[in-house]
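What follows is final_8.csv (CSV, C-alpha atoms and all ligand atoms).
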chain,number,residue,atom,x,y,z
A,127,MET,CA,8.7,51.2,34.5
A,128,ALA,CA,7.4,53.8,31.9
A,129,VAL,CA,8.2,52.8,28.3
A,130,GLU,CA,8.4,55.8,26.0
A,131,ARG,CA,11.1,54.8,23.5
A,132,VAL,CA,11.0,51.5,21.8
A,133,GLY,CA,13.4,49.7,19.5
A,134,VAL,CA,12.1,47.2,16.9
A,135,VAL,CA,14.6,44.9,15.1
A,136,GLY,CA,13.2,43.6,11.8
A,137,ALA,CA,11.1,45.6,9.5
A,138,GLY,CA,9.1,42.8,8.0
A,139,GLN,CA,5.4,42.2,8.3
A,140,MET,CA,5.5,41.9,12.1
A,141,GLY,CA,8.2,44.6,12.8
A,142,ASN,CA,6.2,47.1,10.8
A,143,GLY,CA,3.0,46.3,12.6
A,144,ILE,CA,4.7,46.5,16.0
A,145,ALA,CA,6.3,49.8,15.2
A,146,HIS,CA,2.8,51.0,14.0
A,147,VAL,CA,1.0,50.2,17.2
A,148,PHE,CA,3.7,51.6,19.5
A,149,ALA,CA,3.8,54.8,17.5
A,150,LEU,CA,0.0,55.2,17.6
A,151,ALA,CA,0.2,54.7,21.4
A,152,GLY,CA,2.6,57.7,21.6
A,153,CYS,CA,6.0,56.0,21.8
A,154,GLU,CA,9.0,57.0,19.8
A,155,VAL,CA,10.1,53.9,17.7
A,156,LEU,CA,13.5,53.2,16.4
A,157,LEU,CA,13.1,50.6,13.6
A,158,THR,CA,16.0,48.7,12.1
A,159,ASP,CA,16.6,45.9,9.6
A,160,THR,CA,19.7,44.4,7.8
A,161,SER,CA,17.8,44.7,4.5
A,162,PRO,CA,18.0,48.2,3.1
A,163,GLU,CA,15.0,47.5,1.0
A,164,ALA,CA,12.9,46.4,3.9
A,165,LEU,CA,13.9,49.4,5.9
A,166,ALA,CA,13.3,51.9,3.1
A,167,ALA,CA,9.8,50.4,2.4
A,168,ALA,CA,8.8,50.4,6.1
A,169,PRO,CA,7.5,54.0,6.4
A,170,GLN,CA,5.4,53.5,3.3
A,171,VAL,CA,3.9,50.2,4.5
A,172,ILE,CA,3.1,51.7,7.9
A,173,ALA,CA,1.6,54.9,6.3
A,174,ARG,CA,-0.6,52.7,4.1
A,175,ASN,CA,-1.8,50.7,7.0
A,176,LEU,CA,-2.5,53.8,9.0
A,177,ASP,CA,-4.5,55.2,6.0
A,178,ARG,CA,-6.7,52.1,6.3
A,179,GLN,CA,-7.5,53.0,9.9
A,180,VAL,CA,-8.2,56.7,8.9
A,181,ALA,CA,-10.5,55.5,6.1
A,182,LYS,CA,-12.4,53.3,8.6
A,183,GLY,CA,-12.6,56.2,11.0
A,184,THR,CA,-10.8,54.4,13.9
A,185,ILE,CA,-8.0,57.1,13.9
A,186,THR,CA,-7.8,60.7,12.8
A,187,ALA,CA,-5.6,62.0,10.0
A,188,GLU,CA,-3.7,64.0,12.6
A,189,ALA,CA,-3.1,60.8,14.7
A,190,LYS,CA,-1.7,59.1,11.6
A,191,ALA,CA,0.7,62.0,10.9
A,192,GLN,CA,1.9,62.1,14.5
A,193,ALA,CA,2.4,58.3,14.6
A,194,LEU,CA,4.3,58.3,11.4
A,195,ALA,CA,6.6,61.0,12.6
A,196,ARG,CA,7.4,58.9,15.7
A,197,VAL,CA,8.8,56.0,13.6
A,198,ILE,CA,12.5,56.5,12.9
A,199,PRO,CA,14.2,54.0,10.6
A,200,THR,CA,17.9,53.4,11.2
A,201,ARG,CA,20.6,51.1,10.0
A,202,GLU,CA,22.4,51.3,13.4
A,203,LEU,CA,21.3,48.4,15.7
A,204,ALA,CA,23.4,50.0,18.5
A,205,LEU,CA,21.1,53.1,18.6
A,206,LEU,CA,18.3,50.8,19.8
A,207,GLY,CA,20.3,50.1,23.0
A,208,GLN,CA,19.2,53.5,24.4
A,209,THR,CA,15.5,52.7,24.4
A,210,ASP,CA,13.4,51.4,27.2
A,211,LEU,CA,12.3,48.3,25.4
A,212,VAL,CA,13.7,46.4,22.4
A,213,ILE,CA,11.4,44.0,20.6
A,214,GLU,CA,13.2,41.6,18.2
A,215,ALA,CA,11.0,40.7,15.2
A,216,ALA,CA,13.5,39.3,12.7
A,217,THR,CA,13.4,36.1,10.7
A,218,GLU,CA,12.3,33.0,12.7
A,219,ARG,CA,15.7,31.4,12.9
A,220,GLU,CA,17.5,31.0,16.2
A,221,PRO,CA,21.0,31.9,15.0
A,222,VAL,CA,19.6,35.1,13.5
A,223,LYS,CA,18.0,36.1,16.8
A,224,THR,CA,20.9,35.1,18.9
A,225,ALA,CA,23.3,37.1,16.8
A,226,ILE,CA,21.0,40.2,17.1
A,227,PHE,CA,21.0,40.0,20.9
A,228,GLU,CA,24.7,39.4,21.1
A,229,SER,CA,25.4,42.5,18.9
A,230,LEU,CA,22.9,44.6,20.9
A,231,VAL,CA,24.0,43.7,24.5
A,232,PRO,CA,27.1,45.9,24.6
A,233,HIS,CA,25.1,48.9,23.7
A,234,LEU,CA,22.2,48.4,26.1
A,235,ALA,CA,21.2,50.9,28.9
A,236,PRO,CA,21.0,49.1,32.2
A,237,HIS,CA,17.2,49.4,32.5
A,238,THR,CA,16.3,48.3,28.9
A,239,ILE,CA,13.9,45.3,28.7
A,240,LEU,CA,14.5,42.8,25.9
A,241,ALA,CA,11.6,41.1,24.2
A,242,THR,CA,11.3,38.7,21.3
A,243,ASN,CA,8.3,38.3,19.0
A,244,THR,CA,9.4,34.7,18.2
A,245,SER,CA,6.5,32.4,17.3
A,246,SER,CA,8.1,29.3,18.8
A,247,ILE,CA,11.7,29.5,19.9
A,248,SER,CA,12.6,29.0,23.6
A,249,ILE,CA,12.5,32.3,25.5
A,250,THR,CA,14.7,30.9,28.2
A,251,ARG,CA,17.4,29.8,25.7
A,252,LEU,CA,17.3,33.2,23.9
A,253,ALA,CA,17.5,35.0,27.2
A,254,SER,CA,20.5,33.0,28.3
A,255,ARG,CA,22.5,34.5,25.4
A,256,THR,CA,22.0,38.0,26.8
A,257,ASP,CA,23.4,39.8,29.9
A,258,ARG,CA,19.8,40.2,31.4
A,259,PRO,CA,17.7,37.0,31.4
A,260,GLU,CA,15.6,38.6,34.2
A,261,LYS,CA,14.7,41.5,31.9
A,262,PHE,CA,13.9,39.3,29.0
A,263,LEU,CA,10.5,37.9,27.9
A,264,GLY,CA,8.4,36.8,24.9
A,265,VAL,CA,5.9,39.4,23.6
A,266,HIS,CA,4.2,37.6,20.8
A,267,PHE,CA,2.0,39.8,18.6
A,268,MET,CA,-0.4,38.3,16.1
A,269,ASN,CA,-0.5,39.2,12.4
A,270,PRO,CA,-1.7,41.8,11.3
A,271,VAL,CA,-0.6,43.5,14.5
A,272,PRO,CA,-2.8,46.7,14.2
A,273,LEU,CA,-5.9,44.5,13.9
A,274,MET,CA,-5.3,41.5,16.1
A,275,GLN,CA,-6.4,41.8,19.7
A,276,LEU,CA,-4.2,39.2,21.3
A,277,VAL,CA,-0.6,39.5,22.6
A,278,GLU,CA,0.8,36.2,24.1
A,279,LEU,CA,3.2,37.0,26.9
A,280,ILE,CA,5.8,34.3,27.7
A,281,ARG,CA,8.0,34.3,30.7
A,282,GLY,CA,11.4,32.7,30.6
A,283,ILE,CA,12.6,30.8,33.6
A,284,ALA,CA,14.5,33.9,34.8
A,285,THR,CA,12.0,36.7,33.9
A,286,ASP,CA,11.4,38.8,37.0
A,287,ASP,CA,8.1,40.1,38.2
A,288,ALA,CA,8.9,43.8,37.5
A,289,THR,CA,9.6,43.0,33.8
A,290,PHE,CA,6.5,40.9,33.5
A,291,ASP,CA,4.3,43.6,35.1
A,292,THR,CA,5.8,46.2,32.7
A,293,ALA,CA,4.9,44.0,29.8
A,294,ILE,CA,1.3,43.6,31.1
A,295,ALA,CA,1.0,47.4,31.3
A,296,ILE,CA,2.4,47.8,27.8
A,297,VAL,CA,-0.2,45.4,26.3
A,298,GLU,CA,-2.9,47.4,28.1
A,299,ARG,CA,-1.5,50.7,26.8
A,300,LEU,CA,-1.7,49.3,23.3
A,301,GLY,CA,-5.4,48.5,23.9
A,302,LYS,CA,-4.7,44.8,23.4
A,303,THR,CA,-5.4,41.7,25.6
A,304,ALA,CA,-2.6,39.6,27.0
A,305,SER,CA,-2.7,35.8,27.4
A,306,VAL,CA,0.0,34.2,29.4
A,307,ALA,CA,1.8,31.1,28.2
A,308,GLN,CA,4.5,29.0,29.7
A,309,ASP,CA,7.8,28.7,27.8
A,310,PHE,CA,7.3,25.5,25.9
A,311,PRO,CA,7.7,25.1,22.1
A,312,ALA,CA,5.4,27.4,20.1
A,313,PHE,CA,3.5,28.4,23.3
A,314,ILE,CA,-0.3,28.3,22.9
A,315,VAL,CA,-1.5,29.8,19.7
A,316,ASN,CA,1.0,28.3,17.3
A,317,ARG,CA,1.1,25.0,19.2
A,318,VAL,CA,-2.5,24.6,18.1
A,319,LEU,CA,-2.6,26.5,14.9
A,320,ILE,CA,0.5,25.5,13.0
A,321,PRO,CA,0.0,21.7,13.3
A,322,MET,CA,-3.5,22.3,11.9
A,323,ILE,CA,-2.0,24.2,8.9
A,324,ASN,CA,0.6,21.4,8.5
A,325,GLU,CA,-2.2,18.9,8.4
A,326,ALA,CA,-4.0,20.9,5.8
A,327,VAL,CA,-0.8,20.8,3.7
A,328,TYR,CA,-0.7,17.0,4.2
A,329,THR,CA,-4.3,16.7,2.9
A,330,LEU,CA,-3.1,18.6,-0.2
A,331,TYR,CA,0.1,16.5,-0.5
A,332,GLU,CA,-1.9,13.2,-0.3
A,333,GLY,CA,-4.5,14.4,-2.8
A,334,VAL,CA,-7.3,14.3,-0.3
A,335,GLY,CA,-8.3,17.8,-1.5
A,336,THR,CA,-7.2,20.7,-3.7
A,337,VAL,CA,-6.2,24.1,-2.4
A,338,THR,CA,-9.7,25.4,-3.1
A,339,SER,CA,-11.6,22.4,-1.6
A,340,ILE,CA,-9.4,22.4,1.6
A,341,ASP,CA,-9.8,26.1,2.2
A,342,THR,CA,-13.6,26.0,1.4
A,343,ALA,CA,-14.1,23.1,3.6
A,344,MET,CA,-12.5,24.8,6.6
A,345,ARG,CA,-14.0,28.2,6.0
A,346,LEU,CA,-17.6,26.9,5.6
A,347,GLY,CA,-17.3,23.6,7.6
A,348,ALA,CA,-15.4,24.9,10.6
A,349,ASN,CA,-16.4,28.5,10.3
A,350,HIS,CA,-12.8,29.7,10.1
A,351,PRO,CA,-12.6,33.2,8.6
A,352,MET,CA,-9.7,32.1,6.3
A,353,GLY,CA,-8.9,28.6,5.0
A,354,PRO,CA,-5.7,27.1,6.4
A,355,LEU,CA,-3.7,27.4,3.2
A,356,GLU,CA,-4.7,31.0,2.7
A,357,LEU,CA,-3.7,31.6,6.3
A,358,ALA,CA,-0.4,29.8,5.8
A,359,ASP,CA,0.3,32.1,2.9
A,360,PHE,CA,-0.6,35.1,5.1
A,361,ILE,CA,1.7,34.0,7.9
A,362,GLY,CA,4.6,33.0,5.5
A,363,LEU,CA,5.4,29.4,4.7
A,364,ASP,CA,9.0,29.8,5.9
A,365,THR,CA,7.7,30.9,9.3
A,366,CYS,CA,5.2,27.9,9.3
A,367,LEU,CA,8.0,25.5,8.5
A,368,ALA,CA,10.3,27.0,11.1
A,369,ILE,CA,7.6,26.6,13.8
A,370,MET,CA,6.9,22.9,12.8
A,371,ASN,CA,10.6,22.3,13.1
A,372,VAL,CA,10.8,23.8,16.5
A,373,LEU,CA,7.8,21.6,17.6
A,374,HIS,CA,9.4,18.5,16.0
A,375,ASP,CA,12.8,19.1,17.6
A,376,GLY,CA,11.4,20.4,20.9
A,377,PHE,CA,9.0,17.5,21.6
A,378,ALA,CA,10.9,14.8,19.6
A,379,ASP,CA,7.5,13.6,18.6
A,380,THR,CA,6.8,12.5,15.0
A,381,LYS,CA,3.3,13.9,15.1
A,382,TYR,CA,4.9,17.2,14.5
A,383,ARG,CA,6.8,16.2,11.3
A,384,PRO,CA,6.7,19.0,8.7
A,385,CYS,CA,4.9,18.0,5.5
A,386,PRO,CA,7.4,17.5,2.7
A,387,LEU,CA,5.2,19.6,0.4
A,388,LEU,CA,5.5,22.6,2.9
A,389,THR,CA,9.3,22.1,2.7
A,390,LYS,CA,9.2,22.0,-1.1
A,391,TYR,CA,7.3,25.3,-1.3
A,392,VAL,CA,9.8,27.0,1.0
A,393,GLU,CA,12.7,25.5,-1.1
A,394,ALA,CA,11.1,27.1,-4.2
A,395,GLY,CA,11.0,30.4,-2.4
A,396,TRP,CA,7.2,30.3,-2.7
A,397,LEU,CA,6.8,31.8,0.8
A,398,GLY,CA,3.2,33.0,0.5
A,399,ARG,CA,1.9,36.5,0.1
A,400,LYS,CA,5.1,38.3,1.0
A,401,ALA,CA,6.8,36.5,-1.9
A,402,GLY,CA,3.9,36.9,-4.3
A,403,ARG,CA,3.3,33.2,-4.5
A,404,GLY,CA,2.6,30.3,-2.1
A,405,PHE,CA,-0.4,28.0,-2.1
A,406,TYR,CA,-1.9,30.8,-4.1
A,407,ASP,CA,-0.3,33.0,-6.8
A,408,TYR,CA,-1.0,36.6,-6.0
A,409,ARG,CA,1.0,38.2,-8.9
A,410,THR,CA,-2.0,39.0,-11.0
A,411,GLY,CA,-4.0,40.6,-8.2
A,412,THR,CA,-6.6,37.8,-7.9
A,413,PRO,CA,-5.3,34.8,-5.9
A,414,VAL,CA,-5.0,31.7,-8.1
A,415,PRO,CA,-4.4,28.3,-6.5
A,416,THR,CA,-1.0,26.8,-7.4
A,417,ARG,CA,-2.2,23.2,-7.1
A,501,LIG,P1,9.4,38.7,7.6
A,501,LIG,O1,10.2,37.8,6.8
A,501,LIG,O2,8.3,39.5,7.0
A,501,LIG,O3,10.4,39.8,8.2
A,501,LIG,C1,11.6,39.5,8.9
A,501,LIG,C2,12.6,40.7,8.7
A,501,LIG,O4,13.7,40.4,9.5
A,501,LIG,C3,13.1,40.9,7.3
A,501,LIG,O5,12.8,42.2,6.8
A,501,LIG,C4,14.6,40.6,7.4
A,501,LIG,O6,15.3,41.4,6.5
A,501,LIG,C5,14.8,41.0,8.8
A,501,LIG,N1,16.1,40.5,9.4
A,501,LIG,C6,16.7,39.3,9.2
A,501,LIG,N2,17.8,39.2,9.8
A,501,LIG,C7,18.0,40.4,10.5
A,501,LIG,C8,19.0,40.9,11.4
A,501,LIG,N3,20.0,40.2,11.7
A,501,LIG,N4,18.8,42.1,11.9
A,501,LIG,C9,17.7,42.9,11.6
A,501,LIG,N5,16.7,42.4,10.7
A,501,LIG,C10,16.8,41.2,10.2
A,501,LIG,O7,9.0,37.9,8.9
A,501,LIG,P2,7.8,38.3,9.9
A,501,LIG,O8,6.5,37.5,9.5
A,501,LIG,O9,7.7,39.7,10.2
A,501,LIG,O10,8.3,37.5,11.2
A,501,LIG,C11,9.2,38.1,12.1
A,501,LIG,C12,9.1,37.4,13.5
A,501,LIG,O11,7.8,37.5,14.0
A,501,LIG,C13,9.5,35.9,13.4
A,501,LIG,O12,10.1,35.6,14.6
A,501,LIG,C14,8.1,35.2,13.4
A,501,LIG,O13,8.1,33.9,13.8
A,501,LIG,C15,7.3,36.2,14.2
A,501,LIG,N6,5.8,36.2,14.0
A,501,LIG,C16,5.3,36.1,12.8
A,501,LIG,C17,4.0,36.1,12.6
A,501,LIG,C18,3.4,36.0,11.2
A,501,LIG,O14,2.1,35.7,11.1
A,501,LIG,N7,4.1,36.2,10.2
A,501,LIG,C19,3.1,36.2,13.7
A,501,LIG,C20,3.7,36.3,15.0
A,501,LIG,C21,5.0,36.3,15.1
Could you render the structure as structure tokens?
Amino acid sequence: MAVERVGVVGAGQMGNGIAHVFALAGCEVLLTDTSPEALAAAPQVIARNLDRQVAKGTITAEAKAQALARVIPTRELALLGQTDLVIEAATEREPVKTAIFESLVPHLAPHTILATNTSSISITRLASRTDRPEKFLGVHFMNPVPLMQLVELIRGIATDDATFDTAIAIVERLGKTASVAQDFPAFIVNRVLIPMINEAVYTLYEGVGTVTSIDTAMRLGANHPMGPLELADFIGLDTCLAIMNVLHDGFADTKYRPCPLLTKYVEAGWLGRKAGRGFYDYRTGTPVPTR
């Protein structure tokens, strides 16, 4: 199936990035968010990120202008029903995602494929709350979407072959690489990555290291491009905590218990870069460790 019009629900860091790459690939993108501020900011954020690509010479100024013109912000979730593919990229909370799909279903064209960018929640369970589990799958982009090569594709128990093949073709059209994961909590990337981040928070919590020593150790000692606490701030601490909770609940295994210090940061609203403060304070421009 040809995908020309795409709906994106959620205009946060991921939704903006997803809208960006689809618009650059020539699709018209309807972007919605319940937060008027997030929706109003989205075109500027996307324009800024496209400017970076122009400056690097990876796209032309004309391609930027054309892509930006293809992104249409709207407050009306129902309008997204008339697209070929809707990707949900709202907050990582199951009731939020379920409510979005339930509101969207009555407005959907028969052929529309539904996808979720969830980092961890069961695709099969989310699909079961829609009228089309066979046309539902997980399309998990990485952050920042315009730069990261991988898209994890997750089949629910009912996802049919035609839907899955369309998803593979979409990933190719975006110039990205697909990796297929089965529908178990947090799939592949976050099953491995987020417990590592949680363990880094434990080393901070137990006083084994400071923010600086932990990040330096993993950057220089494990050759990671970013330290785990810096990466946690980048992902969003609320998202990291939500994924740990999905792993903990999904496997009923105490090895996945979220670090109490991670919970504390989220309770404080210190959610990382997007909130201006997390394991680092970004408000002065230069990141300063908060512990
Ligand atoms: P974010 O907090 O930056 O953005 C979430 C957006 O969803 C917000 O703008 C919020 O207003 C909006 N929203 C909340 N409820 C909504 C609703 N009912 N309808 C429409 N919009 C609504 O979060 P994010 O980092 O963009 O994450 C979004 C999704 O992508 C999550 O499922 C997350 O797990 C997943 N994800 C995140 C990353 C990452 O590194 N941050 C990577 C891959 C996948």
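The nearest approach to ligand LIG 501 (chain A) among the residues A:Arg258, A:Arg403, A:Lys182, A:His266, with all atoms listed in the file taken into account, belongs to A:His266.
Here CA of Thr184 in chain A and CA of Met352 in chain A stand 23.6 Å from one another.
The coordinates place CA of Cys366 in chain A at 8.3 Å from CA of Leu388 in chain A.
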Next on the checklist: Please identify all protein, DNA and RNA residues within 8 Å of ligand LIG 501 (chain A), counting only C-alpha atoms and all ligand atoms, and report them as a PyMOL selection string.
Outcome noted: chain A and resi 135-142+158-161+164-165+203+214-219+222-223+225-226+242-246+266-270+360-362+365+368-369+400
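With only C-alpha atoms as the atoms that count, the minimum distance from Gly207 in chain A to the choices A:Arg281, A:Arg299, A:His237, A:Arg174 is reached by A:His237.
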Item to check | Spatial sel., origin (-2.1, 18.1, 9.7), limit 12 Å, all atoms listed in the file, listed as a ChimeraX atom specification | outcome: /A:318-332,334,340,354-355,370,380-388
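Going from CA of Gly133 in chain A to CA of Thr224 in chain A covers 16.4 Å.
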Checklist entry - Near Arg409 in chain A, within 12 Å and counting only C-alpha atoms, which residues show up once chain neighbours fewer than 6 positions away are dropped, as a ChimeraX atom specification? => result /A:396,398-403,415-416
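You can rank A:Leu357, A:Ala312, A:Val337, A:Ala204 by their closest distance to Asn371 in chain A using only C-alpha atoms, and at the top of that list sits A:Ala312.
For the set A:Val315, A:Met344, A:Ile249, A:Val132, the residue with the smallest atom-to-atom gap to Glu278 in chain A is A:Val315, counting all atoms listed in the file.
Shortest atom-to-atom contact with Gly152 in chain A among A:Leu276, A:Leu211, A:Val197, A:Ile294: A:Val197, counting only C-alpha atoms.
With only C-alpha atoms as the atoms that count, the residue of A:Asp341, A:Glu298, A:Asp177, A:Asp309 with the shortest distance to His146 in chain A is A:Asp177.
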